[in-house]
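Structure first, then comments.
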Amino acid sequence: MYLHMATKVHPIVHAEISVIPITSTANTSSDLESSGISKQIAKVFDSIRRTKNVNAILTPMGTQIETSDFKAILNAIEAAHQSLRTEGNIKRIISTIRIDERFDKSTTLQDKVQSVMEKL
C-alpha cells in the first residue's frame, strides 16, 4: 500500500500597482518642463518596498509585488497613497491594481519571467 502525500502549496500573490499622482495644473512653460513625476514615484516605491512581507520590483510602468499574504498587497497600496497625501501640490491619486492569486503552485515573479524566456 502506497500513501500519496500532497505537497502543500504556499500561495504567492502577485500584484502590479501603478500609482499616478495628479498635481496642480501647469500654468507656465517652466511648469510644463517640470511635469515629471519621478520624485513622487520614488517616494511611492520606497513606501511599497518597506511594506512588511512584500517583495517589490520597480518597472518602467509600475511596481510588481509578490507576497504570501493578500493583506500585504492592500497594505502596500495604502502605504503608496499615504506617501503622497502629505505633498501639498498633489490634488488626486489614481491607482491601477492587477492581482494574480494562484492556488495550484507557488511561483515567483522570476519564475514567470524564466518560463517565458525558456520558450524564446
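How things are named: the first chain in the C-alpha cells is A, the next is B, and so on; residues count from 1 in each chain; ligands count from 1 in the order shown.
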Inset, instruction - Please run DSSP on the backbone and report, as a ChimeraX atom specification, all residues within region 47-94 of chain A that come out as helix (DSSP H, G or I). - result: /A:47-49,70-85
With N, CA, C and O atoms retained, export the selected residues as an mmCIF file, in the first residue's frame.
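Wrote part15.cif, looks like this:
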```
data_model
loop_
_atom_site.group_PDB
_atom_site.id
_atom_site.type_symbol
_atom_site.label_atom_id
_atom_site.label_comp_id
_atom_site.auth_asym_id
_atom_site.auth_seq_id
_atom_site.Cartn_x
_atom_site.Cartn_y
_atom_site.Cartn_z
ATOM 1 N N SER A 47 7.884 53.478 -0.227
ATOM 2 C CA SER A 47 6.866 53.068 0.751
ATOM 3 C C SER A 47 6.385 51.642 0.498
ATOM 4 O O SER A 47 6.118 50.896 1.439
ATOM 5 N N ILE A 48 6.290 51.256 -0.778
ATOM 6 C CA ILE A 48 5.859 49.888 -1.100
ATOM 7 C C ILE A 48 6.923 48.886 -0.670
ATOM 8 O O ILE A 48 6.621 47.870 -0.044
ATOM 9 N N ARG A 49 8.189 49.161 -1.001
ATOM 10 C CA ARG A 49 9.239 48.191 -0.675
ATOM 11 C C ARG A 49 9.467 48.056 0.825
ATOM 12 O O ARG A 49 10.009 47.062 1.283
ATOM 13 N N PHE A 70 -2.221 38.119 1.237
ATOM 14 C CA PHE A 70 -3.047 39.002 0.415
ATOM 15 C C PHE A 70 -3.187 40.389 1.032
ATOM 16 O O PHE A 70 -3.176 41.404 0.334
ATOM 17 N N LYS A 71 -3.328 40.446 2.344
ATOM 18 C CA LYS A 71 -3.499 41.737 3.012
ATOM 19 C C LYS A 71 -2.279 42.636 2.825
ATOM 20 O O LYS A 71 -2.393 43.853 2.871
ATOM 21 N N ALA A 72 -1.112 42.037 2.603
ATOM 22 C CA ALA A 72 0.096 42.833 2.394
ATOM 23 C C ALA A 72 -0.019 43.674 1.122
ATOM 24 O O ALA A 72 0.529 44.780 1.055
ATOM 25 N N ILE A 73 -0.735 43.176 0.127
ATOM 26 C CA ILE A 73 -0.963 43.958 -1.094
ATOM 27 C C ILE A 73 -1.765 45.212 -0.755
ATOM 28 O O ILE A 73 -1.432 46.315 -1.179
ATOM 29 N N LEU A 74 -2.817 45.029 0.017
ATOM 30 C CA LEU A 74 -3.642 46.169 0.411
ATOM 31 C C LEU A 74 -2.832 47.146 1.263
ATOM 32 O O LEU A 74 -2.965 48.367 1.118
ATOM 33 N N ASN A 75 -1.975 46.611 2.122
ATOM 34 C CA ASN A 75 -1.109 47.468 2.934
ATOM 35 C C ASN A 75 -0.136 48.256 2.060
ATOM 36 O O ASN A 75 0.135 49.428 2.327
ATOM 37 N N ALA A 76 0.383 47.622 1.012
ATOM 38 C CA ALA A 76 1.316 48.298 0.104
ATOM 39 C C ALA A 76 0.602 49.431 -0.640
ATOM 40 O O ALA A 76 1.173 50.521 -0.817
ATOM 41 N N ILE A 77 -0.620 49.186 -1.067
ATOM 42 C CA ILE A 77 -1.390 50.219 -1.763
ATOM 43 C C ILE A 77 -1.675 51.388 -0.812
ATOM 44 O O ILE A 77 -1.528 52.560 -1.180
ATOM 45 N N GLU A 78 -2.070 51.070 0.385
ATOM 46 C CA GLU A 78 -2.325 52.111 1.384
ATOM 47 C C GLU A 78 -1.049 52.911 1.650
ATOM 48 O O GLU A 78 -1.079 54.149 1.716
ATOM 49 N N ALA A 79 0.090 52.237 1.778
ATOM 50 C CA ALA A 79 1.363 52.929 2.014
ATOM 51 C C ALA A 79 1.711 53.847 0.844
ATOM 52 O O ALA A 79 2.205 54.961 1.046
ATOM 53 N N ALA A 80 1.453 53.380 -0.374
ATOM 54 C CA ALA A 80 1.729 54.193 -1.565
ATOM 55 C C ALA A 80 0.916 55.482 -1.540
ATOM 56 O O ALA A 80 1.450 56.575 -1.761
ATOM 57 N N HIS A 81 -0.361 55.357 -1.264
ATOM 58 C CA HIS A 81 -1.217 56.546 -1.221
ATOM 59 C C HIS A 81 -0.826 57.457 -0.061
ATOM 60 O O HIS A 81 -0.760 58.678 -0.216
ATOM 61 N N GLN A 82 -0.556 56.858 1.072
ATOM 62 C CA GLN A 82 -0.187 57.646 2.253
ATOM 63 C C GLN A 82 1.089 58.440 2.007
ATOM 64 O O GLN A 82 1.208 59.576 2.453
ATOM 65 N N SER A 83 2.020 57.876 1.256
ATOM 66 C CA SER A 83 3.285 58.575 0.999
ATOM 67 C C SER A 83 3.075 59.858 0.201
ATOM 68 O O SER A 83 3.898 60.772 0.267
ATOM 69 N N LEU A 84 1.981 59.944 -0.548
ATOM 70 C CA LEU A 84 1.716 61.123 -1.370
ATOM 71 C C LEU A 84 0.728 62.104 -0.743
ATOM 72 O O LEU A 84 0.646 63.256 -1.152
ATOM 73 N N ARG A 85 -0.015 61.655 0.236
ATOM 74 C CA ARG A 85 -1.061 62.505 0.822
ATOM 75 C C ARG A 85 -0.507 63.760 1.488
ATOM 76 O O ARG A 85 -1.222 64.755 1.598
#
```
Inset, instruction - Apply DSSP to the structure's backbone, then extract all residues of chain A labelled strand (DSSP E) and return them as a ChimeraX atom specification. - result: /A:13-23,55-59,62-67,90-101
Fewer than 3 positions away in the same chain doesn't count, so skip those; otherwise give me all residues within 6 Å of region 11-16 of chain A, counting only C-alpha atoms, as a tab-separated table (two decimals) with N, CA, C and O atoms, in the first residue's frame.
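File out_12.tsv, as written:
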```tsv
chain	number	residue	atom	x	y	z
A	63	THR	N	4.91	48.98	-10.41
A	63	THR	CA	5.65	48.19	-9.44
A	63	THR	C	5.04	46.81	-9.37
A	63	THR	O	3.82	46.66	-9.24
A	64	GLN	N	5.87	45.79	-9.47
A	64	GLN	CA	5.46	44.40	-9.31
A	64	GLN	C	5.73	44.00	-7.87
A	64	GLN	O	6.82	44.27	-7.35
A	65	ILE	N	4.75	43.40	-7.23
A	65	ILE	CA	4.98	42.92	-5.87
A	65	ILE	C	4.54	41.47	-5.76
A	65	ILE	O	3.69	40.99	-6.51
A	66	GLU	N	5.19	40.77	-4.84
A	66	GLU	CA	4.79	39.40	-4.54
A	66	GLU	C	4.81	39.21	-3.03
A	66	GLU	O	5.60	39.82	-2.32
A	67	THR	N	3.88	38.37	-2.58
A	67	THR	CA	3.72	38.13	-1.17
A	67	THR	C	2.92	36.84	-0.98
A	67	THR	O	2.27	36.37	-1.90
A	68	SER	N	2.99	36.28	0.20
A	68	SER	CA	2.13	35.14	0.51
A	68	SER	C	0.93	35.59	1.35
A	68	SER	O	0.10	34.78	1.74
A	97	ILE	N	-4.55	48.55	-10.15
A	97	ILE	CA	-4.02	47.36	-9.49
A	97	ILE	C	-4.52	46.11	-10.20
A	97	ILE	O	-5.72	45.98	-10.47
A	98	ARG	N	-3.60	45.23	-10.55
A	98	ARG	CA	-3.96	43.91	-11.08
A	98	ARG	C	-3.39	42.88	-10.11
A	98	ARG	O	-2.24	42.97	-9.72
A	99	ILE	N	-4.22	41.92	-9.73
A	99	ILE	CA	-3.81	40.92	-8.75
A	99	ILE	C	-3.95	39.52	-9.35
A	99	ILE	O	-4.98	39.20	-9.95
A	100	ASP	N	-2.91	38.72	-9.18
A	100	ASP	CA	-2.90	37.34	-9.64
A	100	ASP	C	-2.67	36.45	-8.42
A	100	ASP	O	-1.59	36.43	-7.85
A	101	GLU	N	-3.71	35.75	-8.02
A	101	GLU	CA	-3.64	34.87	-6.85
A	101	GLU	C	-3.77	33.43	-7.34
A	101	GLU	O	-4.80	33.05	-7.88
A	103	PHE	N	-3.45	29.19	-6.71
A	103	PHE	CA	-3.60	28.22	-5.63
A	103	PHE	C	-2.97	26.87	-5.94
A	103	PHE	O	-2.77	26.06	-5.04
A	106	SER	N	3.22	27.38	-6.28
A	106	SER	CA	3.91	28.60	-5.87
A	106	SER	C	4.91	28.99	-6.93
A	106	SER	O	5.79	28.20	-7.29
```
Contact residues around Gly62 (chain A) with only C-alpha atoms at 9 Å, ignoring same-chain residues under 2 positions, as a short mmCIF file (atom, residue, chain, number, x, y, z; two decimals) with C-alpha atoms, in the first residue's frame:
```cif
data_model
loop_
_atom_site.label_atom_id
_atom_site.label_comp_id
_atom_site.auth_asym_id
_atom_site.auth_seq_id
_atom_site.Cartn_x
_atom_site.Cartn_y
_atom_site.Cartn_z
CA GLU A 16 1.04 45.08 -10.40
CA ILE A 17 0.49 48.53 -8.96
CA SER A 18 0.61 51.74 -10.94
CA VAL A 19 0.20 54.96 -8.96
CA ILE A 57 10.33 45.29 -8.24
CA LEU A 58 10.20 48.69 -9.91
CA THR A 59 9.40 48.61 -13.64
CA PRO A 60 9.05 51.48 -16.11
CA GLN A 64 5.46 44.40 -9.31
#
```
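Interatomic distance, CA of Ile20 (chain A) against CA of Ile93 (chain A): 5.7 Å.
Here CA of Thr107 (chain A) stands at a distance of 9.2 Å from CA of His10 (chain A).
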Inset, instruction - Would you mind listing what lies within 7 Å of Ser24 (chain A) as number ranges by chain, with only C-alpha atoms counted and same-chain residues fewer than 3 positions away left out? - result: A: 89-91
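Here CA of Arg92 (chain A) is placed at a distance of 7.0 Å from CA of Thr23 (chain A).
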Inset, instruction - Name the closest residue to Asn55 (chain A) among the candidates A:Ala42, A:Val116, A:Leu109, A:Ile37; distances are taken between atoms, counting only C-alpha atoms. - result: A:Leu109
